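Listing of upload.pdb, PDB, C-alpha atoms
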```pdb
ATOM      1  CA  MET A   1       0.000   0.000   0.000
ATOM      2  CA  LEU A   2       0.962   3.647  -0.279
ATOM      3  CA  LYS A   3       2.649   5.751   2.388
ATOM      4  CA  PRO A   4       2.398   9.456   3.318
ATOM      5  CA  ASP A   5       4.671  11.660   1.188
ATOM      6  CA  GLN A   6       4.960   8.972  -1.496
ATOM      7  CA  ASN A   7       4.603  10.265  -5.046
ATOM      8  CA  VAL A   8       2.164   8.785  -7.556
ATOM      9  CA  TRP A   9       1.570   9.663 -11.197
ATOM     10  CA  ALA A  10      -1.738  10.571 -12.885
ATOM     11  CA  LEU A  11      -1.383   9.194 -16.424
ATOM     12  CA  GLN A  12      -3.875  11.298 -18.386
ATOM     13  CA  MET A  13      -3.249  14.544 -16.497
ATOM     14  CA  ARG A  14       0.511  13.915 -16.601
ATOM     15  CA  VAL A  15       1.009  15.250 -13.114
ATOM     16  CA  ALA A  16       2.735  14.010  -9.975
ATOM     17  CA  LEU A  17       0.626  13.772  -6.825
ATOM     18  CA  ARG A  18       1.739  13.391  -3.228
ATOM     19  CA  VAL A  19      -0.001  10.988  -0.858
ATOM     20  CA  VAL A  20      -1.129  12.892   2.245
ATOM     21  CA  LYS A  21      -2.946  10.231   4.293
ATOM     22  CA  SER A  22      -5.329   7.290   4.220
ATOM     23  CA  LEU A  23      -9.034   8.194   4.297
ATOM     24  CA  GLY A  24     -10.520   4.708   4.568
ATOM     25  CA  GLU A  25     -10.436   1.140   3.357
ATOM     26  CA  GLY A  26     -12.882  -1.184   1.642
ATOM     27  CA  GLY A  27     -12.940  -4.602   0.066
ATOM     28  CA  GLN A  28     -11.238  -3.528  -3.150
ATOM     29  CA  GLY A  29      -8.679  -1.050  -1.861
ATOM     30  CA  VAL A  30      -7.647   1.931   0.219
ATOM     31  CA  VAL A  31      -8.748   5.514  -0.446
ATOM     32  CA  TYR A  32      -6.089   8.185   0.101
ATOM     33  CA  LEU A  33      -6.047  11.950   0.186
ATOM     34  CA  VAL A  34      -3.539  13.123  -2.450
ATOM     35  CA  GLU A  35      -2.504  16.583  -3.509
ATOM     36  CA  GLY A  36      -1.276  17.960  -6.783
ATOM     37  CA  PRO A  37       0.130  21.340  -7.703
ATOM     38  CA  SER A  38      -3.196  23.143  -7.316
ATOM     39  CA  GLU A  39      -5.799  20.872  -5.705
ATOM     40  CA  GLN A  40      -6.512  17.802  -3.628
ATOM     41  CA  PHE A  41      -8.157  14.583  -4.810
ATOM     42  CA  ALA A  42      -9.162  11.196  -3.476
ATOM     43  CA  LEU A  43      -7.232   8.202  -4.805
ATOM     44  CA  LYS A  44      -8.546   4.657  -4.624
ATOM     45  CA  TRP A  45      -5.549   2.302  -4.670
ATOM     46  CA  TYR A  46      -6.469  -1.329  -5.315
ATOM     47  CA  HIS A  47      -5.381  -4.226  -3.116
ATOM     48  CA  SER A  48      -3.022  -6.460  -5.102
ATOM     49  CA  SER A  49      -5.710  -9.140  -5.497
ATOM     50  CA  GLN A  50      -8.032  -6.562  -7.098
ATOM     51  CA  ALA A  51      -5.428  -4.846  -9.295
ATOM     52  CA  THR A  52      -6.163  -7.008 -12.318
ATOM     53  CA  THR A  53      -5.591  -6.218 -15.950
ATOM     54  CA  ALA A  54      -9.359  -6.341 -16.518
ATOM     55  CA  GLN A  55      -9.970  -3.790 -13.716
ATOM     56  CA  ARG A  56      -7.252  -1.509 -15.063
ATOM     57  CA  LEU A  57      -8.764  -1.622 -18.555
ATOM     58  CA  ALA A  58     -12.237  -0.954 -17.147
ATOM     59  CA  ILE A  59     -11.002   2.154 -15.298
ATOM     60  CA  TRP A  60      -9.083   3.373 -18.331
ATOM     61  CA  ASP A  61     -12.210   2.904 -20.438
ATOM     62  CA  LEU A  62     -14.298   4.999 -17.994
ATOM     63  CA  VAL A  63     -11.639   7.744 -17.911
ATOM     64  CA  ILE A  64     -10.893   7.936 -21.622
ATOM     65  CA  GLN A  65     -13.892   6.742 -23.634
ATOM     66  CA  HIS A  66     -16.929   7.017 -21.417
ATOM     67  CA  ARG A  67     -18.042  10.040 -19.496
ATOM     68  CA  PRO A  68     -20.729  10.263 -16.831
ATOM     69  CA  PRO A  69     -24.273  10.935 -17.977
ATOM     70  CA  GLY A  70     -24.987  14.549 -18.808
ATOM     71  CA  GLY A  71     -26.870  17.096 -16.781
ATOM     72  CA  ARG A  72     -27.458  17.307 -13.061
ATOM     73  CA  ALA A  73     -27.843  13.538 -12.751
ATOM     74  CA  GLY A  74     -24.339  12.971 -14.141
ATOM     75  CA  LYS A  75     -22.801  15.459 -11.713
ATOM     76  CA  ARG A  76     -23.945  13.265  -8.823
ATOM     77  CA  PHE A  77     -21.539  10.481  -9.817
ATOM     78  CA  ILE A  78     -18.001  10.731  -8.440
ATOM     79  CA  TRP A  79     -16.577   9.490 -11.752
ATOM     80  CA  PRO A  80     -12.984   8.237 -12.190
ATOM     81  CA  LEU A  81     -10.849  11.133 -13.419
ATOM     82  CA  ASP A  82      -7.557   9.411 -14.166
ATOM     83  CA  LEU A  83      -5.596   6.206 -13.808
ATOM     84  CA  VAL A  84      -2.755   6.454 -11.272
ATOM     85  CA  THR A  85       0.462   4.467 -10.918
ATOM     86  CA  ALA A  86       3.435   4.608  -8.569
ATOM     87  CA  GLU A  87       7.056   4.088  -9.556
ATOM     88  CA  ASP A  88       8.071   1.921  -6.602
ATOM     89  CA  GLU A  89       4.730   0.232  -5.961
ATOM     90  CA  PRO A  90       3.069  -2.515  -7.988
ATOM     91  CA  GLY A  91      -0.574  -2.010  -8.854
ATOM     92  CA  PHE A  92      -2.611   1.037  -9.692
ATOM     93  CA  GLY A  93      -5.521   3.180  -8.605
ATOM     94  CA  TYR A  94      -7.796   5.888  -9.872
ATOM     95  CA  LEU A  95      -8.289   9.539  -9.064
ATOM     96  CA  MET A  96     -11.628  11.145  -8.201
ATOM     97  CA  LYS A  97     -12.975  14.375  -6.793
ATOM     98  CA  LEU A  98     -12.675  14.748  -3.060
ATOM     99  CA  ILE A  99     -15.999  14.517  -1.213
ATOM    100  CA  ASP A 100     -16.840  16.959   1.566
ATOM    101  CA  THR A 101     -17.665  14.397   4.286
ATOM    102  CA  ASN A 102     -18.767  17.162   6.641
ATOM    103  CA  ARG A 103     -21.538  17.972   4.184
ATOM    104  CA  PHE A 104     -22.341  14.536   2.715
ATOM    105  CA  VAL A 105     -22.951  11.496   4.927
ATOM    106  CA  ASP A 106     -23.871   7.876   4.374
ATOM    107  CA  LEU A 107     -26.835   6.023   5.791
ATOM    108  CA  THR A 108     -24.677   4.411   8.485
ATOM    109  CA  LYS A 109     -24.152   7.796  10.177
ATOM    110  CA  VAL A 110     -27.897   8.419  10.273
ATOM    111  CA  MET A 111     -28.641   4.904  11.521
ATOM    112  CA  GLY A 112     -25.952   5.269  14.200
ATOM    113  CA  GLY A 113     -27.379   8.573  15.416
ATOM    114  CA  GLN A 114     -24.259  10.563  14.495
ATOM    115  CA  VAL A 115     -26.311  12.927  12.333
ATOM    116  CA  PRO A 116     -30.032  13.662  12.483
ATOM    117  CA  ALA A 117     -32.276  11.844  10.049
ATOM    118  CA  PRO A 118     -33.571  13.927   7.153
ATOM    119  CA  GLY A 119     -37.233  14.918   7.229
ATOM    120  CA  LEU A 120     -39.785  13.376   4.903
ATOM    121  CA  ASP A 121     -39.374  16.127   2.288
ATOM    122  CA  LYS A 122     -35.605  15.558   2.181
ATOM    123  CA  LEU A 123     -36.040  11.772   2.077
ATOM    124  CA  CYS A 124     -38.265  12.238  -0.961
ATOM    125  CA  GLU A 125     -35.628  14.458  -2.578
ATOM    126  CA  ILE A 126     -32.897  11.867  -1.870
ATOM    127  CA  CYS A 127     -35.041   9.130  -3.434
ATOM    128  CA  TYR A 128     -35.831  11.299  -6.451
ATOM    129  CA  GLN A 129     -32.179  12.200  -7.045
ATOM    130  CA  LEU A 130     -31.087   8.568  -6.738
ATOM    131  CA  ALA A 131     -33.769   7.335  -9.132
ATOM    132  CA  HIS A 132     -33.059  10.177 -11.578
ATOM    133  CA  SER A 133     -29.299   9.539 -11.481
ATOM    134  CA  PHE A 134     -29.497   5.778 -11.978
ATOM    135  CA  ARG A 135     -32.084   6.245 -14.736
ATOM    136  CA  ALA A 136     -29.742   8.655 -16.544
ATOM    137  CA  LEU A 137     -26.867   6.198 -16.088
ATOM    138  CA  HIS A 138     -28.902   3.319 -17.501
ATOM    139  CA  LEU A 139     -30.242   5.394 -20.407
ATOM    140  CA  ALA A 140     -26.619   6.234 -21.270
ATOM    141  CA  GLY A 141     -25.978   2.484 -21.667
ATOM    142  CA  TYR A 142     -24.199   1.887 -18.363
ATOM    143  CA  CYS A 143     -24.905  -0.487 -15.520
ATOM    144  CA  TYR A 144     -23.939   0.237 -11.916
ATOM    145  CA  ARG A 145     -22.755  -2.903 -10.147
ATOM    146  CA  ASP A 146     -21.942  -1.983  -6.580
ATOM    147  CA  ILE A 147     -24.991  -0.425  -4.934
ATOM    148  CA  SER A 148     -24.626  -0.354  -1.161
ATOM    149  CA  ARG A 149     -25.431   2.002   1.679
ATOM    150  CA  ASN A 150     -21.771   3.059   1.751
ATOM    151  CA  ASN A 151     -21.765   4.161  -1.893
ATOM    152  CA  VAL A 152     -24.604   6.665  -1.617
ATOM    153  CA  LEU A 153     -23.938   9.889   0.243
ATOM    154  CA  PHE A 154     -26.454  12.629   0.900
ATOM    155  CA  GLU A 155     -26.839  15.975   2.591
ATOM    156  CA  THR A 156     -29.506  15.754   5.290
ATOM    157  CA  ASN A 157     -30.505  19.442   5.035
ATOM    158  CA  THR A 158     -31.028  19.594   1.264
ATOM    159  CA  GLY A 159     -31.402  16.005   0.054
ATOM    160  CA  ASP A 160     -28.516  16.467  -2.403
ATOM    161  CA  VAL A 161     -26.952  13.125  -3.367
ATOM    162  CA  LEU A 162     -23.511  11.864  -4.416
ATOM    163  CA  ILE A 163     -22.887   8.357  -5.744
ATOM    164  CA  CYS A 164     -19.361   7.067  -5.244
ATOM    165  CA  ASP A 165     -17.365   3.894  -5.921
ATOM    166  CA  ASN A 166     -18.035   4.182  -9.636
ATOM    167  CA  ASP A 167     -15.120   2.029 -10.766
ATOM    168  CA  ASN A 168     -17.458  -0.929 -11.234
ATOM    169  CA  ILE A 169     -19.736   0.801 -13.731
ATOM    170  CA  GLY A 170     -19.865  -1.164 -16.941
ATOM    171  CA  ILE A 171     -21.367  -1.025 -20.363
ATOM    172  CA  ASN A 172     -24.646  -2.949 -20.514
ATOM    173  CA  ARG A 173     -24.107  -6.475 -21.867
ATOM    174  CA  ALA A 174     -20.470  -5.774 -22.764
ATOM    175  CA  SER A 175     -18.555  -5.654 -19.465
ATOM    176  CA  THR A 176     -16.777  -8.397 -17.585
ATOM    177  CA  CYS A 177     -16.957  -6.736 -14.163
ATOM    178  CA  HIS A 178     -17.755  -9.222 -11.391
ATOM    179  CA  ILE A 179     -18.952  -6.902  -8.605
TER     180      ILE A 179
END
```
Could you quickly redo this structure as structure tokens?
Amino acid sequence: MLKPDQNVWALQMRVALRVVKSLGEGGQGVVYLVEGPSEQFALKWYHSSQATTAQRLAIWDLVIQHRPPGGRAGKRFIWPLDLVTAEDEPGFGYLMKLIDTNRFVDLTKVMGGQVPAPGLDKLCEICYQLAHSFRALHLAGYCYRDISRNNVLFETNTGDVLICDNDNIGINRASTCHI
């Protein structure tokens, strides 16, 4: 895995990034805070067992050939921005926008009482935005393959939604993703 102050390379952007710290870990990899010359990003670095050639090609395909759906629905997806490698570290990861976790929370925080539950009007807005976003994704020919309570974030005061962990999005009937 990566270490603080280690440098990684964003292939498409052609920029060096510095690992700041780990933000969390999941089944596929570790998410790090990284910083470039002018901004910070989140970097998902795959565990060695998940850093397959097929996964790398799938990420590259999402970064280069396929963009998120258009409009407001597409802006809700934290889409892969670039493929990232490290000189002294086997494997790879992908870059994404950094999420403001003070503003956006997952369902676990509400269920655990760490943040107040949204009111009925906000719950309706959350449901609408999720349905609208996944509909736009599907109409664009994609399929989302990793829906879980940890991959949907929302703002309790407004009902605004973000959908993360988008590295397992595939093309309907053409992808080999196993998630």
Quiz item: Pick the closest to Ile171 in chain A from A:Arg72, A:His132, A:His47, A:His66: which is it, counting all atoms listed in the file?
Solution: A:His66
Quiz item: Which neighbours of Met13 in chain A fall inside 9 Å, counting only C-alpha atoms, when residues of the same chain fewer than 4 positions from it are skipped, and could you give them as a ChimeraX atom specification?
Solution: /A:9,81-82
Residues just named, written with C-alpha atoms as an mmCIF file, in the frame of the given file:
```cif
data_model
loop_
_atom_site.group_PDB
_atom_site.id
_atom_site.type_symbol
_atom_site.label_atom_id
_atom_site.label_comp_id
_atom_site.auth_asym_id
_atom_site.auth_seq_id
_atom_site.Cartn_x
_atom_site.Cartn_y
_atom_site.Cartn_z
ATOM 1 C CA TRP A 9 1.570 9.663 -11.197
ATOM 2 C CA LEU A 81 -10.849 11.133 -13.419
ATOM 3 C CA ASP A 82 -7.557 9.411 -14.166
#
```
Give one line per residue of range 25-64 of chain A that approaches range 90-95 of chain A to at most 6 Å, naming the two atoms of the closest pair and their distance in Å to one decimal, counting all atoms listed in the file; sort by chain then ascending residue number and deliver it as JSON lines.
```
{"residue": "A:Ala42", "atom": "CA", "partner": "A:Leu95", "partner_atom": "CA", "distance": 5.9}
{"residue": "A:Leu43", "atom": "CA", "partner": "A:Leu95", "partner_atom": "CA", "distance": 4.6}
{"residue": "A:Lys44", "atom": "CA", "partner": "A:Gly93", "partner_atom": "CA", "distance": 5.2}
{"residue": "A:Trp45", "atom": "CA", "partner": "A:Gly93", "partner_atom": "CA", "distance": 4.0}
{"residue": "A:Tyr46", "atom": "CA", "partner": "A:Gly93", "partner_atom": "CA", "distance": 5.7}
{"residue": "A:Ala51", "atom": "CA", "partner": "A:Gly91", "partner_atom": "CA", "distance": 5.6}
```
Based on the selection just made, write C-alpha atoms of those residues as an mmCIF file, in the frame of the given file.
```
data_model
loop_
_atom_site.group_PDB
_atom_site.id
_atom_site.type_symbol
_atom_site.label_atom_id
_atom_site.label_comp_id
_atom_site.auth_asym_id
_atom_site.auth_seq_id
_atom_site.Cartn_x
_atom_site.Cartn_y
_atom_site.Cartn_z
ATOM 1 C CA ALA A 42 -9.162 11.196 -3.476
ATOM 2 C CA LEU A 43 -7.232 8.202 -4.805
ATOM 3 C CA LYS A 44 -8.546 4.657 -4.624
ATOM 4 C CA TRP A 45 -5.549 2.302 -4.670
ATOM 5 C CA TYR A 46 -6.469 -1.329 -5.315
ATOM 6 C CA ALA A 51 -5.428 -4.846 -9.295
#
```
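Checking A:Asn7, A:Asn102, A:Gln50, A:Gln114 one by one against Leu33 in chain A, counting only C-alpha atoms, you find the shortest gap at A:Asn7.
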Exercise. Have a look at CA of Gly159 in chain A and CA of Glu125 in chain A and let me know their distance in Å, one decimal.
Key: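 If I compute the distance from CA of Gly159 in chain A to CA of Glu125 in chain A, I get 5.2 Å.
This file gives the following result for the PyMOL selection byres ((chain A and resi 80) around 9): Ile59, Trp60, Leu62, Val63, Ile78, Trp79, Leu81, Asp82, Leu83, Tyr94, Leu95, Met96, Lys97, Asp165, Asn166 and Asp167 of chain A.
Straight-line separation from CA of Thr101 in chain A to CA of Phe154 in chain A: 9.6 Å.
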Practice problem: For CA of Ala136 in chain A and CA of Pro68 in chain A, determine how far apart the two atoms are, in Å to one decimal place. | Solution: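 About the pair CA of Ala136 in chain A and CA of Pro68 in chain A: they are 9.2 Å apart.
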